[in-house]
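final.csv follows (CSV, C-alpha atoms and all ligand atoms):
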chain,number,residue,atom,x,y,z
A,183,MET,CA,19.7,5.6,17.5
A,184,THR,CA,18.6,2.8,19.9
A,185,ALA,CA,15.1,1.3,19.5
A,186,LEU,CA,12.7,3.4,21.5
A,187,ARG,CA,9.6,2.1,23.1
A,188,THR,CA,7.7,5.3,22.5
A,189,PRO,CA,8.3,6.6,19.0
A,190,THR,CA,9.3,10.2,18.4
A,191,VAL,CA,6.4,11.8,16.6
A,192,VAL,CA,7.2,14.6,14.2
A,193,THR,CA,4.7,16.5,12.2
A,194,ASP,CA,6.8,19.1,10.3
A,195,ARG,CA,9.7,18.9,7.8
A,196,GLU,CA,12.2,20.7,10.1
A,197,ALA,CA,11.7,18.3,13.0
A,198,LEU,CA,11.8,15.3,10.7
A,199,ALA,CA,15.1,16.6,9.2
A,200,ARG,CA,16.6,17.0,12.7
A,201,VAL,CA,15.8,13.4,13.7
A,202,ARG,CA,16.8,12.1,10.3
A,203,ASP,CA,20.2,13.8,10.5
A,204,ARG,CA,20.8,12.0,13.8
A,205,ALA,CA,19.5,8.6,12.7
A,206,ASP,CA,21.8,5.6,12.6
A,207,ARG,CA,21.9,3.8,9.2
A,208,PRO,CA,20.5,1.8,7.6
A,209,VAL,CA,17.3,3.7,7.8
A,210,ALA,CA,14.1,1.8,6.9
A,211,VAL,CA,10.9,3.6,6.0
A,212,VAL,CA,7.4,2.1,6.0
A,213,MET,CA,4.9,4.5,4.3
A,214,THR,CA,1.2,4.2,5.4
A,215,MET,CA,-2.0,6.1,5.4
A,216,GLY,CA,-2.6,5.1,9.0
A,217,ALA,CA,-5.5,2.9,10.3
A,218,LEU,CA,-2.7,0.4,10.9
A,219,HIS,CA,-3.4,-3.3,11.2
A,220,ASP,CA,-1.4,-6.5,11.4
A,221,GLY,CA,-0.4,-6.2,7.7
A,222,HIS,CA,1.4,-2.9,8.6
A,223,ALA,CA,2.8,-4.5,11.7
A,224,ALA,CA,4.4,-7.2,9.5
A,225,LEU,CA,6.0,-4.4,7.4
A,226,LEU,CA,7.3,-2.7,10.5
A,227,ARG,CA,8.6,-5.9,12.0
A,228,GLN,CA,10.6,-6.7,8.8
A,229,ALA,CA,11.9,-3.1,8.8
A,230,ARG,CA,12.9,-3.4,12.5
A,231,ALA,CA,14.8,-6.6,11.7
A,232,ARG,CA,16.7,-5.0,8.9
A,233,ALA,CA,17.5,-1.4,10.0
A,234,ALA,CA,19.1,0.6,12.8
A,235,THR,CA,16.4,3.2,12.5
A,236,VAL,CA,12.8,2.6,11.5
A,237,ILE,CA,10.6,5.6,10.3
A,238,ALA,CA,6.9,5.1,9.8
A,239,THR,CA,4.9,7.7,7.9
A,240,VAL,CA,1.2,8.2,8.5
A,241,PHE,CA,-0.4,10.4,5.9
A,242,VAL,CA,-3.8,10.2,4.1
A,243,ASN,CA,-2.7,11.5,0.8
A,244,PRO,CA,-5.4,13.6,-0.9
A,245,LEU,CA,-3.6,13.3,-4.2
A,246,GLN,CA,-4.5,9.6,-4.7
A,247,PHE,CA,-8.2,9.9,-4.1
A,248,GLY,CA,-10.7,10.5,-6.9
A,249,PRO,CA,-13.5,13.1,-6.4
A,250,ASN,CA,-16.1,10.3,-5.6
A,251,GLU,CA,-13.7,8.3,-3.4
A,252,ASP,CA,-13.4,7.9,0.4
A,253,PHE,CA,-10.9,10.6,1.3
A,254,ASP,CA,-13.1,12.3,3.8
A,255,ARG,CA,-14.3,9.1,5.5
A,256,TYR,CA,-10.9,7.3,5.3
A,257,PRO,CA,-10.2,6.1,8.9
A,258,ARG,CA,-7.8,8.4,10.9
A,259,THR,CA,-6.7,6.6,14.0
A,260,LEU,CA,-3.4,8.1,15.0
A,261,GLU,CA,-3.6,7.2,18.7
A,262,GLY,CA,-4.0,3.5,17.8
A,263,ASP,CA,-1.4,3.7,15.1
A,264,LEU,CA,1.1,5.0,17.6
A,265,GLU,CA,0.4,2.1,19.9
A,266,ILE,CA,1.2,-0.3,17.1
A,267,CYS,CA,4.3,1.6,16.2
A,268,ALA,CA,5.4,1.5,19.9
A,269,ARG,CA,4.8,-2.2,20.0
A,270,GLU,CA,6.9,-2.7,16.8
A,271,GLU,CA,9.7,-0.5,18.2
A,272,VAL,CA,9.4,2.1,15.5
A,273,ASP,CA,11.8,5.0,16.2
A,274,VAL,CA,10.1,7.9,14.4
A,275,VAL,CA,6.6,8.5,13.2
A,276,PHE,CA,6.2,11.2,10.6
A,277,ALA,CA,2.6,12.3,10.6
A,278,PRO,CA,2.3,15.5,8.5
A,279,THR,CA,-0.9,17.4,7.6
A,280,PRO,CA,-1.7,18.0,3.9
A,281,ALA,CA,-0.5,21.6,4.3
A,282,VAL,CA,2.9,20.3,5.4
A,283,MET,CA,3.1,17.9,2.5
A,284,TYR,CA,1.6,20.3,-0.1
A,285,PRO,CA,2.4,23.8,1.1
A,286,ASP,CA,1.5,25.3,-2.2
A,287,GLY,CA,-1.7,23.2,-2.6
A,288,GLN,CA,-2.0,20.5,-5.2
A,289,PRO,CA,1.4,20.2,-6.9
A,290,ASN,CA,1.7,20.9,-10.6
A,291,THR,CA,4.6,18.5,-10.9
A,292,ARG,CA,3.6,14.8,-10.5
A,293,VAL,CA,5.3,11.5,-11.2
A,294,ASN,CA,3.9,9.9,-14.3
A,295,PRO,CA,3.7,6.1,-13.8
A,296,GLY,CA,3.6,5.4,-17.6
A,297,PRO,CA,1.6,2.6,-19.2
A,298,LEU,CA,1.9,0.3,-16.1
A,299,GLY,CA,0.0,2.9,-14.2
A,300,GLU,CA,-2.9,2.9,-16.7
A,301,ILE,CA,-3.9,-0.7,-16.3
A,302,LEU,CA,-5.8,-2.5,-13.5
A,303,GLU,CA,-6.1,-0.1,-10.6
A,304,GLY,CA,-5.0,2.8,-12.8
A,305,ALA,CA,-7.8,2.0,-15.4
A,306,SER,CA,-10.4,2.0,-12.6
A,307,ARG,CA,-9.0,4.9,-10.7
A,308,PRO,CA,-7.6,7.5,-13.1
A,309,GLY,CA,-4.7,9.5,-11.7
A,310,PHE,CA,-4.4,7.2,-8.7
A,311,PHE,CA,-0.8,6.1,-9.3
A,312,HIS,CA,0.3,9.6,-10.2
A,313,GLY,CA,-0.9,10.6,-6.7
A,314,VAL,CA,0.7,7.5,-5.1
A,315,LEU,CA,4.1,7.8,-6.8
A,316,THR,CA,4.2,11.6,-6.2
A,317,VAL,CA,3.7,11.2,-2.5
A,318,VAL,CA,6.1,8.2,-2.3
A,319,LEU,CA,8.8,10.2,-4.0
A,320,LYS,CA,8.2,13.2,-1.7
A,321,LEU,CA,8.3,10.9,1.4
A,322,ILE,CA,11.6,9.3,0.1
A,323,ASN,CA,13.1,12.8,-0.3
A,324,LEU,CA,12.0,13.8,3.1
A,325,THR,CA,12.9,10.6,5.1
A,326,ARG,CA,16.0,9.6,3.0
A,327,PRO,CA,15.6,5.8,3.5
A,328,ASP,CA,18.1,3.1,2.6
A,329,VAL,CA,15.3,0.6,2.3
A,330,VAL,CA,11.5,0.9,2.0
A,331,PHE,CA,9.0,-1.8,2.7
A,332,PHE,CA,5.6,-2.2,0.8
A,333,GLY,CA,2.9,-4.8,1.2
A,334,GLU,CA,2.2,-7.1,-1.8
A,335,LYS,CA,-1.5,-6.7,-1.3
A,336,ASP,CA,-1.0,-3.6,-3.3
A,337,TYR,CA,0.9,-5.6,-5.9
A,338,GLN,CA,0.7,-3.0,-8.7
A,339,GLN,CA,1.8,-0.3,-6.3
A,340,VAL,CA,5.0,-2.2,-5.4
A,341,ALA,CA,5.7,-2.8,-9.1
A,342,LEU,CA,5.3,0.9,-9.8
A,343,VAL,CA,7.5,1.9,-6.9
A,344,ARG,CA,10.2,-0.5,-8.1
A,345,GLN,CA,9.9,1.0,-11.6
A,346,MET,CA,10.2,4.5,-10.3
A,347,VAL,CA,13.3,3.6,-8.2
A,348,ARG,CA,14.9,2.1,-11.4
A,349,ASP,CA,13.8,4.8,-13.8
A,350,LEU,CA,14.7,7.8,-11.6
A,351,ASP,CA,18.0,6.2,-10.2
A,352,LEU,CA,16.8,6.4,-6.6
A,353,ASP,CA,19.5,4.8,-4.4
A,354,ILE,CA,17.2,2.7,-2.3
A,355,GLU,CA,16.2,-0.9,-1.9
A,356,VAL,CA,12.5,-1.8,-2.2
A,357,VAL,CA,11.3,-4.9,-0.3
A,358,GLY,CA,7.8,-6.4,-1.0
A,359,VAL,CA,6.2,-8.2,2.0
A,360,PRO,CA,3.6,-10.9,1.5
A,361,THR,CA,0.0,-10.2,2.2
A,362,VAL,CA,-1.3,-10.9,5.8
A,363,ARG,CA,-4.7,-12.6,5.9
A,364,GLU,CA,-7.3,-13.3,8.6
A,365,PRO,CA,-7.6,-17.0,9.4
A,366,ASP,CA,-10.5,-17.3,7.0
A,367,GLY,CA,-8.4,-15.9,4.1
A,368,LEU,CA,-9.6,-12.2,4.0
A,369,ALA,CA,-6.6,-10.0,3.1
A,370,LEU,CA,-6.1,-7.4,5.8
A,371,SER,CA,-6.9,-3.9,4.6
A,372,SER,CA,-7.7,-0.6,6.3
A,373,ARG,CA,-10.9,-0.5,4.3
A,374,ASN,CA,-12.2,-3.8,5.8
A,375,ARG,CA,-13.5,-1.7,8.7
A,376,TYR,CA,-16.1,-0.3,6.3
A,377,LEU,CA,-17.6,-3.8,5.9
A,378,SER,CA,-20.8,-4.9,7.7
A,379,ASP,CA,-20.8,-8.5,9.0
A,380,SER,CA,-22.7,-9.8,5.9
A,381,GLU,CA,-20.4,-7.8,3.5
A,382,ARG,CA,-17.4,-9.2,5.2
A,383,THR,CA,-18.7,-12.7,4.5
A,384,THR,CA,-19.3,-11.7,0.9
A,385,ALA,CA,-15.8,-10.3,0.7
A,386,LEU,CA,-14.4,-13.8,1.5
A,387,ALA,CA,-15.2,-14.6,-2.2
A,388,LEU,CA,-12.0,-12.7,-3.2
A,389,ALA,CA,-9.8,-15.2,-1.3
A,390,ALA,CA,-11.9,-18.1,-2.6
A,391,ALA,CA,-11.5,-16.8,-6.1
A,392,LEU,CA,-7.7,-16.7,-5.7
A,393,ARG,CA,-7.8,-20.3,-4.5
A,394,ALA,CA,-10.0,-21.4,-7.4
A,395,GLY,CA,-7.8,-19.6,-9.8
A,396,ALA,CA,-4.6,-21.2,-8.4
A,397,ALA,CA,-6.3,-24.7,-8.6
A,398,ALA,CA,-7.5,-24.3,-12.2
A,399,PRO,CA,-5.6,-26.4,-14.6
A,400,GLY,CA,-4.6,-24.7,-17.9
A,401,GLY,CA,-3.6,-21.3,-19.1
A,402,ALA,CA,-4.5,-17.7,-18.2
A,403,ALA,CA,-8.0,-17.9,-19.6
A,404,ALA,CA,-8.9,-20.9,-17.5
A,405,VAL,CA,-7.5,-19.3,-14.3
A,406,GLU,CA,-9.5,-16.1,-15.0
A,407,GLU,CA,-12.6,-18.0,-15.8
A,408,ALA,CA,-12.4,-20.0,-12.5
A,409,ALA,CA,-11.8,-16.9,-10.4
A,410,ARG,CA,-14.5,-14.8,-12.1
A,411,SER,CA,-17.1,-17.6,-11.7
A,412,VAL,CA,-16.5,-17.6,-7.9
A,413,LEU,CA,-16.9,-13.8,-7.8
A,414,GLU,CA,-19.9,-13.7,-10.1
A,415,GLN,CA,-21.7,-16.1,-7.8
A,416,ALA,CA,-21.1,-14.0,-4.7
A,417,ASP,CA,-24.3,-12.1,-3.9
A,418,GLY,CA,-23.7,-8.3,-3.4
A,419,LEU,CA,-20.3,-8.3,-5.0
A,420,GLU,CA,-19.6,-6.3,-8.2
A,421,LEU,CA,-16.6,-7.6,-10.1
A,422,ASP,CA,-14.2,-4.9,-11.5
A,423,TYR,CA,-11.5,-7.1,-12.8
A,424,GLY,CA,-10.1,-10.6,-12.5
A,425,VAL,CA,-6.9,-10.7,-14.6
A,426,VAL,CA,-3.8,-12.9,-15.0
A,427,THR,CA,-0.5,-11.2,-15.8
A,428,ALA,CA,3.1,-12.0,-15.7
A,429,PRO,CA,4.7,-11.6,-12.3
A,430,ASP,CA,6.0,-8.1,-13.4
A,431,LEU,CA,2.4,-7.3,-14.6
A,432,GLY,CA,3.3,-7.8,-18.3
A,433,PRO,CA,1.1,-10.0,-20.5
A,434,ALA,CA,0.4,-13.4,-19.0
A,435,PRO,CA,2.9,-16.1,-20.2
A,436,ALA,CA,1.7,-19.3,-21.9
A,437,SER,CA,3.1,-21.3,-18.9
A,438,GLY,CA,5.0,-20.9,-15.7
A,439,PRO,CA,4.7,-18.4,-12.8
A,440,ALA,CA,2.0,-15.7,-13.2
A,441,ARG,CA,-0.1,-13.4,-11.0
A,442,LEU,CA,-3.9,-13.3,-10.5
A,443,LEU,CA,-5.2,-9.9,-9.6
A,444,LEU,CA,-8.7,-9.1,-8.5
A,445,ALA,CA,-10.8,-6.1,-7.7
A,446,ALA,CA,-14.4,-5.9,-6.7
A,447,LYS,CA,-16.9,-3.7,-4.9
A,448,VAL,CA,-18.7,-5.1,-1.9
A,449,GLY,CA,-21.5,-2.6,-1.0
A,450,THR,CA,-19.7,0.7,-1.3
A,451,THR,CA,-16.3,-0.7,-0.4
A,452,ARG,CA,-13.7,-1.4,-3.2
A,453,LEU,CA,-11.4,-4.3,-2.3
A,454,ILE,CA,-8.4,-5.7,-4.1
A,455,ASP,CA,-6.5,-8.9,-3.7
A,456,ASN,CA,-3.9,-11.0,-5.6
A,457,GLY,CA,-1.9,-14.1,-5.5
A,458,PRO,CA,0.6,-16.3,-7.4
A,459,VAL,CA,-0.6,-18.9,-9.9
A,460,THR,CA,1.3,-21.3,-12.1
A,461,LEU,CA,0.0,-21.7,-15.7
A,501,LIG,O1,-0.3,1.9,0.4
A,501,LIG,C1,-0.6,3.0,0.9
A,501,LIG,O2,-1.0,3.1,2.1
A,501,LIG,C2,-0.4,4.3,0.2
A,501,LIG,O3,-0.7,4.2,-1.2
A,501,LIG,C3,1.0,4.9,0.4
A,501,LIG,C4,2.1,4.1,-0.2
A,501,LIG,C5,1.3,5.2,1.8
A,501,LIG,C6,1.1,6.3,-0.4
A,501,LIG,O4,0.1,7.2,0.1

In structure tokens, what does this structure look like?
Amino acid sequence: MTALRTPTVVTDREALARVRDRADRPVAVVMTMGALHDGHAALLRQARARAATVIATVFVNPLQFGPNEDFDRYPRTLEGDLEICAREEVDVVFAPTPAVMYPDGQPNTRVNPGPLGEILEGASRPGFFHGVLTVVLKLINLTRPDVVFFGEKDYQQVALVRQMVRDLDLDIEVVGVPTVREPDGLALSSRNRYLSDSERTTALALAAALRAGAAAPGGAAAVEEAARSVLEQADGLELDYGVVTAPDLGPAPASGPARLLLAAKVGTTRLIDNGPVTL
């Protein structure tokens, strides 16, 4: 399939299966919940550079939202999303409804992410990664990719997708793409649009905390302390976690490469960020 300027938009399984059957390989898939921004564009661009056919999925997955989370108000901006997909020369956009994805309602069978899904985001958002991995596996089965691209802003999500691919013998490659930031350091996120101007300024503390953590001499405790003290000084920010782990999210090593992961609430908006540190 040659790159199309206007992507083919499909909303049901049958139409997706037809375009997928005709697609040239390798097929790259970028899964999204829509509200696309430059971070998604970076994923789509890498996918375009690697694959003969690029499929983007746009689906706000009810399974990964808790009862008091933002499923109802999550931004749905399909028209703008399609413009970004056209610009990035996406071939196919799969934009199903919940009834298409879950014809029998909430599925009884879900992917269990195991212990790695119970820490960090999984501890704060019970059931979140069951919902994420279940829809990711369903979208893999429906789109049949050779390669999938995920943003490293959701670092734990990428780690869990890699784990699922290994554990369930899925024959696909997973590529992690570095976080895209605003010039002032704010990591791009679809949820940034919830922030007022003053909340946006407060949210810059996350990037500042990553810088402080990366600059702190010493071990994991010193890095966590440096990052948390930046966040604790930010007015209107409620720290959830500031934790150093190994790059694979195991316990932090005594020295060498590690990852600093942060989560905080600014107003009613929950934000996450992460970056590399050397201990
Ligand atoms: O990262 C996201 O936008 C979502 O968690 C994903 C991977 C599209 C699954 O709904």

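A distance search around ligand LIG 501 (chain A) (7 Å at most, all atoms listed in the file) returns the following protein and nucleic acid residues: Met213, Thr214, Met215, Phe241, Val242, Asn243, Val314, Val317, Val318 and Asp336 of chain A.
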
Quick one: distance from atom CA of A:Leu431 to atom CA of A:His222 in Å, one decimal?
-> 23.6 Å

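Minimum distance to A:Tyr376 across A:Gln345, A:Thr316, A:Asn294, A:Thr451 (counting only C-alpha atoms) occurs at A:Thr451.
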
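Computed from the coordinates, the atom CA of A:Arg292 to atom CA of A:Leu218 distance equals 26.6 Å.
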
To one decimal in Å, tell me the separation between atom CA of A:Pro257 and atom CA of A:Thr325.
-> 23.8 Å

If we count all atoms listed in the file, what is near A:Leu350 at a cut-off of 12 Å, once residues fewer than 4 positions away on the same chain are taken out, given as a VMD selection string?
-> chain A and resid 293 to 295 315 319 342 to 346 354

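With all atoms listed in the file as the atoms that count, the minimum distance from A:Leu443 to the choices A:Pro360, A:Pro308, A:Pro280, A:Pro429 is reached by A:Pro429.
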
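Taking all atoms listed in the file, the non-local environment of A:Pro435 within 12 Å (same-chain residues fewer than 6 positions away omitted) comprises Gly400, Gly401, Ala402, Ala403, Val426, Thr427, Ala428, Pro429, Arg441, Val459, Thr460 and Leu461 of chain A.
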
Close residues, A:Thr450 itself excluded, 10 Å, all atoms listed in the file, min 6 positions apart in chain, as number ranges by chain = A: 251-252, 376-377, 381, 419-420

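Near stretch 260-271 of chain A, within 9 Å and counting only C-alpha atoms, sit Ala185, Leu186, Arg187, Thr188, Pro189, Val191, Gly216, Ala217, Leu218, His219, Asp220, His222, Ala223, Ala224, Leu226, Arg227, Arg230, Val236, Ala238, Val240, Arg258, Asp273, Val274, Val275 and Ala277 of chain A; same-chain residues fewer than 2 positions away were not included.
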
Find the residues near stretch 200-212 of chain A: any atom within 6 Å, counting all atoms listed in the file, skip ones fewer than 6 places away on the same chain, and give them as a ChimeraX atom specification.
-> /A:183,229,233-238,327-331

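Proximity of A:Gly221, A:Pro458, A:Gly309, A:Gly424 to A:Phe332, computed with only C-alpha atoms, is greatest for A:Gly221.
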
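With only C-alpha atoms as the atoms that count, the minimum distance from A:Pro249 to the choices A:Thr279, A:Ala394, A:Arg307, A:Pro433 is reached by A:Arg307.
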
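Across A:Gly449, A:Gly367, A:Gly358, A:Gly457, the tightest approach to A:Val425 is made by A:Gly457 when counting all atoms listed in the file.
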
Counting only C-alpha atoms, write as a PDB file with C-alpha atoms, keeping the file's coordinate frame all protein and nucleic acid residues lying at most 7 Å from (12.5, 14.5, 7.5) in the file's frame.
ATOM      1  CA  ARG A 195       9.700  18.900   7.800  1.00  0.00           C
ATOM      2  CA  GLU A 196      12.200  20.700  10.100  1.00  0.00           C
ATOM      3  CA  ALA A 197      11.700  18.300  13.000  1.00  0.00           C
ATOM      4  CA  LEU A 198      11.800  15.300  10.700  1.00  0.00           C
ATOM      5  CA  ALA A 199      15.100  16.600   9.200  1.00  0.00           C
ATOM      6  CA  ARG A 202      16.800  12.100  10.300  1.00  0.00           C
ATOM      7  CA  LEU A 324      12.000  13.800   3.100  1.00  0.00           C
ATOM      8  CA  THR A 325      12.900  10.600   5.100  1.00  0.00           C
TER       9      THR A 325
END

Mind rebuilding stretch 231-242 of chain A with all heavy atoms and writing that out as a CSV table (one decimal), keeping the file's coordinate frame?
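Heads up, here's the output in result.csv:
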chain,number,residue,atom,x,y,z
A,231,ALA,N,13.8,-5.6,11.8
A,231,ALA,CA,14.8,-6.6,11.7
A,231,ALA,C,16.0,-6.2,10.8
A,231,ALA,O,17.1,-6.7,10.9
A,231,ALA,CB,14.2,-7.9,11.2
A,232,ARG,N,15.7,-5.3,9.9
A,232,ARG,CA,16.7,-5.0,8.9
A,232,ARG,C,17.5,-3.7,9.2
A,232,ARG,O,18.6,-3.5,8.7
A,232,ARG,CB,16.0,-4.7,7.5
A,232,ARG,CG,15.9,-5.9,6.7
A,232,ARG,CD,17.2,-6.4,6.1
A,232,ARG,NE,17.9,-5.4,5.2
A,232,ARG,CZ,17.6,-5.2,4.0
A,232,ARG,NH1,16.6,-5.9,3.4
A,232,ARG,NH2,18.3,-4.3,3.3
A,233,ALA,N,16.9,-2.8,10.0
A,233,ALA,CA,17.5,-1.4,10.0
A,233,ALA,C,17.9,-1.0,11.4
A,233,ALA,O,17.3,-1.4,12.4
A,233,ALA,CB,16.5,-0.5,9.4
A,234,ALA,N,18.8,0.0,11.5
A,234,ALA,CA,19.1,0.6,12.8
A,234,ALA,C,18.1,1.6,13.2
A,234,ALA,O,17.8,1.8,14.4
A,234,ALA,CB,20.5,1.3,12.7
A,235,THR,N,17.5,2.2,12.2
A,235,THR,CA,16.4,3.2,12.5
A,235,THR,C,15.2,2.9,11.6
A,235,THR,O,15.3,2.7,10.4
A,235,THR,CB,16.9,4.7,12.2
A,235,THR,OG1,18.1,4.9,12.9
A,235,THR,CG2,15.8,5.7,12.5
A,236,VAL,N,14.0,2.9,12.3
A,236,VAL,CA,12.8,2.6,11.5
A,236,VAL,C,11.9,3.9,11.6
A,236,VAL,O,11.6,4.4,12.7
A,236,VAL,CB,12.0,1.4,12.1
A,236,VAL,CG1,10.7,1.3,11.3
A,236,VAL,CG2,12.8,0.2,12.0
A,237,ILE,N,11.5,4.4,10.4
A,237,ILE,CA,10.6,5.6,10.3
A,237,ILE,C,9.3,5.1,9.7
A,237,ILE,O,9.4,4.4,8.6
A,237,ILE,CB,11.2,6.7,9.5
A,237,ILE,CG1,12.6,7.2,10.0
A,237,ILE,CG2,10.2,7.9,9.4
A,237,ILE,CD1,13.3,8.2,9.2
A,238,ALA,N,8.2,5.3,10.4
A,238,ALA,CA,6.9,5.1,9.8
A,238,ALA,C,6.3,6.4,9.4
A,238,ALA,O,6.4,7.4,10.2
A,238,ALA,CB,6.0,4.3,10.7
A,239,THR,N,5.7,6.5,8.2
A,239,THR,CA,4.9,7.7,7.9
A,239,THR,C,3.4,7.4,7.9
A,239,THR,O,3.0,6.3,7.5
A,239,THR,CB,5.4,8.3,6.5
A,239,THR,OG1,4.9,7.4,5.4
A,239,THR,CG2,6.9,8.4,6.4
A,240,VAL,N,2.7,8.4,8.4
A,240,VAL,CA,1.2,8.2,8.5
A,240,VAL,C,0.6,9.5,7.8
A,240,VAL,O,0.8,10.6,8.3
A,240,VAL,CB,0.8,8.2,9.9
A,240,VAL,CG1,-0.8,8.2,10.0
A,240,VAL,CG2,1.3,6.9,10.6
A,241,PHE,N,0.1,9.3,6.6
A,241,PHE,CA,-0.4,10.4,5.9
A,241,PHE,C,-1.5,10.0,4.9
A,241,PHE,O,-1.2,9.2,4.0
A,241,PHE,CB,0.7,11.1,5.1
A,241,PHE,CG,0.3,12.3,4.3
A,241,PHE,CD1,-0.3,13.4,4.9
A,241,PHE,CD2,0.4,12.3,2.9
A,241,PHE,CE1,-0.8,14.5,4.1
A,241,PHE,CE2,0.0,13.4,2.2
A,241,PHE,CZ,-0.6,14.5,2.8
A,242,VAL,N,-2.7,10.5,5.1
A,242,VAL,CA,-3.8,10.2,4.1
A,242,VAL,C,-3.6,11.2,3.0
A,242,VAL,O,-3.9,12.3,3.1
A,242,VAL,CB,-5.2,10.3,4.8
A,242,VAL,CG1,-6.3,9.8,3.8
A,242,VAL,CG2,-5.3,9.4,6.1
